[in-house]
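Worksheet: one structure, shown below.
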Protein chains: 2
Amino acid sequence: MQATETAEPSALPERVRIVDLAAQLGLTKGTVSRALNDHPDISDRTRLRVRKAAEKLGYRPLSHAQAIRTGRVRSLGLVLQVNEHDAHRPFVAEFLAGLSQAASAEDWTLTVATAGSDEQTLDLLDRLTVEKKADGFILPRTKLHDPRIDFLRTRGVPFVLYGRTEDAGGCAWFDIESEKSIEDAVMLLAGLDHKRIGFVPGADGYSYAKLRHDGYLAGLARSGLSHDTQLIAPPAMGRDAGAAAAAILLDLPHPPSAIVCSVDAAALGVYDAARHRGLKIGTDLSVISYDGIPETTLLDPPLSTYRVDTRAAGARLAELLIKRCRGAPPEDLRELGRAAFRSRGSHGVAPAKA
Amino acid sequence: MQATETAEPSALPERVRIVDLAAQLGLTKGTVSRALNDHPDISDRTRLRVRKAAEKLGYRPLSHAQAIRTGRVRSLGLVLQVNEHDAHRPFVAEFLAGLSQAASAEDWTLTVATAGSDEQTLDLLDRLTVEKKADGFILPRTKLHDPRIDFLRTRGVPFVLYGRTEDAGGCAWFDIESEKSIEDAVMLLAGLDHKRIGFVPGADGYSYAKLRHDGYLAGLARSGLSHDTQLIAPPAMGRDAGAAAAAILLDLPHPPSAIVCSVDAAALGVYDAARHRGLKIGTDLSVISYDGIPETTLLDPPLSTYRVDTRAAGARLAELLIKRCRGAPPEDLRELGRAAFRSRGSHGVAPAKA
DNA sequence: ACTGTTGTCGAAACCGGTTTCGGAATAGAT
DNA sequence: ATCTATTCCGAAACCGGTTTCGACAACAGT
């Protein structure tokens, strides 16, 4: 015996292809394929026989080999915009967990990319679409006029919004009715005898920012409070901007005794501004916010906020998108959920007039 | 004209296939393919002509159609273990950004899945491998004896560790030498006259936990301090566990004047424990930690910590894995980096003896 | 017994690329 | 001018599945 070990050192455990399975069963690969895909022209006896053999031999089709004929790769696309407002970072892991879990349950996968700008986002959507790396897309953080929607709609690519949009034609979505929560917050504060309630909006352009703003106005109206535009601060998505926004409100001749924030990250800044002015949160100044980021429990006092179950949202979105990719009409794929109020120490009865 | 609008309302803009391109050029698809893939048997003139035509017509190959012959899908796999220690959540977005950006640069994509247990992780690796959803994998948070490594190694699937391992055969990796940072932290504190320096290790099993523990010991040795095993707390990966660990150290008959934490999330708990005992961080008790999570700046005083550039790490890992998938030997794909010290208010000179 | 369905499967085309092989044209050597 | 090398491209096989089409058998109806 000569040392002719030219071959691969470790013989890889050969993949089982559909022809192997077919040969083993004495059938043709076409028949096996139809049996596995539940075509009606295969007898129950054969279908069962094929299934069992496939199970035994551990046959699983190569997804890209299927895709070449079916045109479907069984993959959900997600383009995340990082960089910008990092207020949303903490959600990412939970969101992915939800998406991925629901996708896995249907034997789909998740293809994610990150972009630093709107333009790059569209580039990535284009690339993923034309190279067919994904069958459809999840669009988080919907904007009022969202270029992603136009882009995908004109190309006939399936998508589901995490959010809502005005021009709803052809759109499927899942969203949390944050406007209802903000409305609730205002009414809650009004019930605690607050007469002047400030509001820190989210960044312009995002549809949820407008909705929450509407919710604030609805809360005022239902509480019978007058609407003073001075009580609406400039938009704030982060801690620093939140502090600046709160400063404007608190330095008013007739400042608010409570502030409602569109996002937790801005509320962090409200704490800063209040501390800087010697105001005690929860007594001198009430704060209620929205999102439910982890940091809210770190604050002193912990922040009262409406918590969104981001993982559940991701899971539902994945399910909707898969249905969409399978041909369900978008009109049937629209759902709404609610955030849960976490009542903590940052709000209380309005202080008596000095 | 009759209303025979039975066809699709919007005629989708037909994809350009390689045969279309070939027909346009008066060549065969085989030749076009070879030209696009830089085969040596194509003249420069033709290659250029094909490239320009492809550009003009916007031809881009279907990735799964290529894959059927090449066996490569140009996708990096990432299975994240959520659920467990949520101490790592904040990194996820940054990590993904790094991975995705570097992958995009090479025209690869990222396939991510999340698992809730080791077993589920292996299941997902199996599924992604056999269905060929990814060409290789990034393995974050390497364990001392990591089942993922065994799994992929025996199957001949490429992978890159974010971390290091003892049984290095066939392993490529990128890692931050956190042990050096911990060692530095101990020496820094020793230089500030701290004689008793406590340590809160990371969770058992993770290779970095062992490395950081080693770094602590090395720091003591180089500072000429004795090693008192009482000063080593139980492992802690989160805030509550960190508080419990710190409690043990601070309630010692002869407590430490400084504590080094393996992870920031545990340091959060050290603050709690100190506050509870009326100790002022930075004067009564010095704390230095590791990771650089965003919350560290929220604390009072802000936490001195070694910050890891998670995005850069992700980018480097993606580059290494792509090289590995292209056939580079793993021994050539091993790199190390360093964390950057963020000196803030949580450490100071050791208090004088009472 | 003869035709008409229906059920079941084999054979072959097909999807959109890549790769192998061989042949024609051109260049270089004698 | 002839012969060999080399360059460059066409033709066809190939990858691993899915889908279409038609053949054949069994069964029902008259």
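All residue names refer to the structure tokens as shown: chains lettered A, B, ... in order, residues numbered from 1 in each chain, ligands numbered from 1 in order.
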Which residues of chain A are close to chain D, meaning at most 7 Å apart when you count only C-alpha atoms (C1' of nucleotides), and how do they look as a short mmCIF file (atom, residue, chain, number, x, y, z; two decimals) with N, CA and C atoms, in the first residue's frame?
data_model
loop_
_atom_site.label_atom_id
_atom_site.label_comp_id
_atom_site.auth_asym_id
_atom_site.auth_seq_id
_atom_site.Cartn_x
_atom_site.Cartn_y
_atom_site.Cartn_z
N ALA A 65 -31.90 25.47 -4.33
CA ALA A 65 -32.25 24.64 -5.48
C ALA A 65 -33.76 24.70 -5.71
N GLN A 66 -34.50 24.76 -4.62
CA GLN A 66 -35.94 24.93 -4.76
C GLN A 66 -36.23 26.29 -5.37
N ARG A 69 -36.61 27.22 -9.19
CA ARG A 69 -37.84 26.97 -9.94
C ARG A 69 -39.03 27.72 -9.35
N THR A 70 -39.10 27.72 -8.03
CA THR A 70 -40.27 28.34 -7.39
C THR A 70 -40.15 29.86 -7.34
#
Check: which chain B residues lie within 9 Å of chain A using only C-alpha atoms, as a ChimeraX atom specification: /B:10,12-13,15,60-68,73,75,80,82-83,89-94,96-101,103-104,107,109-115,124,127-128,130-133,154-156,268,295,298-299
Output C-alpha atoms for every residue in that selection, as a PDB file, in the first residue's frame.
ATOM      1  CA  SER B  10     -49.028  46.141 -13.486  1.00  0.00           C
ATOM      2  CA  LEU B  12     -43.619  43.842 -13.624  1.00  0.00           C
ATOM      3  CA  PRO B  13     -40.370  45.135 -15.081  1.00  0.00           C
ATOM      4  CA  ARG B  15     -35.762  40.738 -14.850  1.00  0.00           C
ATOM      5  CA  ARG B  60     -27.340  41.051 -11.702  1.00  0.00           C
ATOM      6  CA  PRO B  61     -27.299  37.305 -11.246  1.00  0.00           C
ATOM      7  CA  LEU B  62     -29.819  35.582  -9.024  1.00  0.00           C
ATOM      8  CA  SER B  63     -27.791  34.502  -6.049  1.00  0.00           C
ATOM      9  CA  HIS B  64     -29.604  31.225  -5.602  1.00  0.00           C
ATOM     10  CA  ALA B  65     -29.192  30.378  -9.277  1.00  0.00           C
ATOM     11  CA  GLN B  66     -25.469  30.792  -8.894  1.00  0.00           C
ATOM     12  CA  ALA B  67     -25.518  28.811  -5.714  1.00  0.00           C
ATOM     13  CA  ILE B  68     -26.942  25.746  -7.329  1.00  0.00           C
ATOM     14  CA  VAL B  73     -24.859  31.396  -1.316  1.00  0.00           C
ATOM     15  CA  SER B  75     -24.317  34.570   3.158  1.00  0.00           C
ATOM     16  CA  LEU B  80     -27.723  34.661  18.597  1.00  0.00           C
ATOM     17  CA  VAL B  82     -31.018  35.592  23.569  1.00  0.00           C
ATOM     18  CA  ASN B  83     -33.037  34.962  26.677  1.00  0.00           C
ATOM     19  CA  ARG B  89     -28.509  42.990  24.323  1.00  0.00           C
ATOM     20  CA  PRO B  90     -27.185  46.491  23.849  1.00  0.00           C
ATOM     21  CA  PHE B  91     -24.366  45.237  21.672  1.00  0.00           C
ATOM     22  CA  VAL B  92     -26.557  43.504  19.200  1.00  0.00           C
ATOM     23  CA  ALA B  93     -27.389  46.476  17.015  1.00  0.00           C
ATOM     24  CA  GLU B  94     -23.784  47.603  16.815  1.00  0.00           C
ATOM     25  CA  LEU B  96     -25.041  43.618  13.369  1.00  0.00           C
ATOM     26  CA  ALA B  97     -24.097  46.951  11.873  1.00  0.00           C
ATOM     27  CA  GLY B  98     -20.456  45.907  11.697  1.00  0.00           C
ATOM     28  CA  LEU B  99     -21.181  42.491  10.289  1.00  0.00           C
ATOM     29  CA  SER B 100     -23.683  43.708   7.776  1.00  0.00           C
ATOM     30  CA  GLN B 101     -21.580  46.559   6.527  1.00  0.00           C
ATOM     31  CA  ALA B 103     -20.627  41.718   4.335  1.00  0.00           C
ATOM     32  CA  SER B 104     -22.319  44.183   2.011  1.00  0.00           C
ATOM     33  CA  ASP B 107     -21.719  41.624  -1.784  1.00  0.00           C
ATOM     34  CA  THR B 109     -25.537  39.097   3.169  1.00  0.00           C
ATOM     35  CA  LEU B 110     -26.243  38.179   6.734  1.00  0.00           C
ATOM     36  CA  THR B 111     -28.646  35.477   7.846  1.00  0.00           C
ATOM     37  CA  VAL B 112     -29.551  35.697  11.503  1.00  0.00           C
ATOM     38  CA  ALA B 113     -31.484  33.438  13.792  1.00  0.00           C
ATOM     39  CA  THR B 114     -32.069  33.516  17.526  1.00  0.00           C
ATOM     40  CA  ALA B 115     -32.123  30.623  19.935  1.00  0.00           C
ATOM     41  CA  LEU B 124     -30.543  26.086  13.991  1.00  0.00           C
ATOM     42  CA  ARG B 127     -30.918  23.604   9.671  1.00  0.00           C
ATOM     43  CA  LEU B 128     -29.051  26.557   8.220  1.00  0.00           C
ATOM     44  CA  VAL B 130     -28.117  21.493   5.572  1.00  0.00           C
ATOM     45  CA  GLU B 131     -30.558  23.798   3.785  1.00  0.00           C
ATOM     46  CA  LYS B 132     -27.523  25.841   2.870  1.00  0.00           C
ATOM     47  CA  LYS B 133     -28.873  29.145   4.023  1.00  0.00           C
ATOM     48  CA  THR B 154     -16.852  17.775  12.222  1.00  0.00           C
ATOM     49  CA  ARG B 155     -19.065  18.859   9.362  1.00  0.00           C
ATOM     50  CA  GLY B 156     -16.396  20.909   7.696  1.00  0.00           C
ATOM     51  CA  LEU B 268     -24.724  48.397  37.894  1.00  0.00           C
ATOM     52  CA  GLU B 295     -25.974  52.981  30.659  1.00  0.00           C
ATOM     53  CA  LEU B 298     -26.196  57.475  33.113  1.00  0.00           C
ATOM     54  CA  LEU B 299     -24.838  56.400  36.455  1.00  0.00           C
TER      55      LEU B 299
END
Interface list for chain A, partner chain C, 8 Å threshold, only C-alpha atoms (C1' of nucleotides), as an MDAnalysis selection string: chainID A and resid 28 31 41:43 68:69
Length of the atom CA of Val308 of chain A to atom CA of Lys210 of chain A vector [Å]: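 About the pair atom CA of Val308 of chain A and atom CA of Lys210 of chain A: they are 17.9 Å apart.
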Residue set, segment 91-315 of chain B restricted to alpha helix (DSSP H), as a count of residues only: 99
Near-Ala350 of chain A list (8 Å; only C-alpha atoms (C1' of nucleotides); drop same-chain fewer than 5 positions) as number ranges by chain: A: 192-194, 257-258, 283-286
Those in segment 244-323 of chain A with strand (DSSP E) from DSSP, as a list in words: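 Answer for segment 244-323 of chain A, restricted to strand (DSSP E): Ala258, Ile259, Val260, Cys261, Ser286, Val287, Ile288, Ser289, Tyr290, Asp291, Ser304, Thr305, Tyr306 and Arg307 of chain A.
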With N, CA, C and O atoms retained, write the just-selected residues as an mmCIF file, in the first residue's frame.
data_model
loop_
_atom_site.group_PDB
_atom_site.id
_atom_site.type_symbol
_atom_site.label_atom_id
_atom_site.label_comp_id
_atom_site.auth_asym_id
_atom_site.auth_seq_id
_atom_site.Cartn_x
_atom_site.Cartn_y
_atom_site.Cartn_z
ATOM 1 N N ALA A 258 -46.713 68.700 34.540
ATOM 2 C CA ALA A 258 -46.518 67.328 34.066
ATOM 3 C C ALA A 258 -46.052 67.377 32.620
ATOM 4 O O ALA A 258 -46.396 68.296 31.877
ATOM 5 N N ILE A 259 -45.261 66.378 32.267
ATOM 6 C CA ILE A 259 -44.777 66.295 30.883
ATOM 7 C C ILE A 259 -44.977 64.880 30.367
ATOM 8 O O ILE A 259 -44.629 63.903 31.057
ATOM 9 N N VAL A 260 -45.547 64.791 29.195
ATOM 10 C CA VAL A 260 -45.690 63.499 28.538
ATOM 11 C C VAL A 260 -44.665 63.436 27.398
ATOM 12 O O VAL A 260 -44.578 64.369 26.600
ATOM 13 N N CYS A 261 -43.903 62.352 27.362
ATOM 14 C CA CYS A 261 -42.867 62.208 26.333
ATOM 15 C C CYS A 261 -43.264 61.134 25.334
ATOM 16 O O CYS A 261 -43.819 60.098 25.705
ATOM 17 N N SER A 286 -44.432 65.743 37.213
ATOM 18 C CA SER A 286 -44.805 64.382 36.822
ATOM 19 C C SER A 286 -44.345 64.123 35.394
ATOM 20 O O SER A 286 -44.411 65.009 34.543
ATOM 21 N N VAL A 287 -43.886 62.896 35.168
ATOM 22 C CA VAL A 287 -43.440 62.516 33.824
ATOM 23 C C VAL A 287 -44.016 61.158 33.468
ATOM 24 O O VAL A 287 -43.955 60.218 34.276
ATOM 25 N N ILE A 288 -44.609 61.065 32.300
ATOM 26 C CA ILE A 288 -45.028 59.757 31.785
ATOM 27 C C ILE A 288 -44.503 59.649 30.364
ATOM 28 O O ILE A 288 -44.543 60.630 29.607
ATOM 29 N N SER A 289 -44.026 58.482 30.026
ATOM 30 C CA SER A 289 -43.380 58.334 28.728
ATOM 31 C C SER A 289 -43.864 57.067 28.024
ATOM 32 O O SER A 289 -44.854 56.453 28.438
ATOM 33 N N TYR A 290 -43.142 56.713 26.989
ATOM 34 C CA TYR A 290 -43.584 55.607 26.147
ATOM 35 C C TYR A 290 -42.397 54.862 25.569
ATOM 36 O O TYR A 290 -41.433 55.479 25.108
ATOM 37 N N ASP A 291 -42.461 53.560 25.582
ATOM 38 C CA ASP A 291 -41.482 52.633 24.962
ATOM 39 C C ASP A 291 -41.189 51.442 25.854
ATOM 40 O O ASP A 291 -41.310 50.304 25.437
ATOM 41 N N SER A 304 -42.461 56.058 34.886
ATOM 42 C CA SER A 304 -43.746 55.483 34.479
ATOM 43 C C SER A 304 -43.832 55.543 32.966
ATOM 44 O O SER A 304 -43.674 56.611 32.374
ATOM 45 N N THR A 305 -44.094 54.408 32.367
ATOM 46 C CA THR A 305 -44.061 54.393 30.901
ATOM 47 C C THR A 305 -44.958 53.297 30.356
ATOM 48 O O THR A 305 -45.371 52.393 31.092
ATOM 49 N N TYR A 306 -45.271 53.390 29.088
ATOM 50 C CA TYR A 306 -46.049 52.347 28.419
ATOM 51 C C TYR A 306 -45.079 51.413 27.715
ATOM 52 O O TYR A 306 -44.328 51.835 26.847
ATOM 53 N N ARG A 307 -45.108 50.173 28.096
ATOM 54 C CA ARG A 307 -44.127 49.242 27.582
ATOM 55 C C ARG A 307 -44.658 48.469 26.379
ATOM 56 O O ARG A 307 -45.755 47.909 26.397
#
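Among the candidates A:Ala352, A:Ala35, A:Val200, A:Ala245, the one nearest to Ile182 of chain A when counting only C-alpha atoms is A:Val200.
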Interatomic distance, atom CA of Gly224 of chain B to atom CA of His254 of chain B (Å, one decimal): 18.9 Å
Who sits within 8 Å of Ser33 of chain B, only C-alpha atoms (C1' of nucleotides), same chain under 3 positions skipped, as a list in words: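 Counting only the stated atoms, we get Ile18, Lys29, Gly30, Leu36 and Asn37 of chain B; DT18 of chain C.
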Point-to-point distance from atom CA of Ala102 of chain B to atom CA of Glu119 of chain B, Å rounded to tenths: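 Straight-line distance from atom CA of Ala102 of chain B to atom CA of Glu119 of chain B works out to 29.2 Å.
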Non-local contacts of Pro158 of chain B (7 Å; only C-alpha atoms (C1' of nucleotides); under 6 positions in same chain excluded) as JSON, numbers by chain: {"B": [136, 137, 324, 325]}
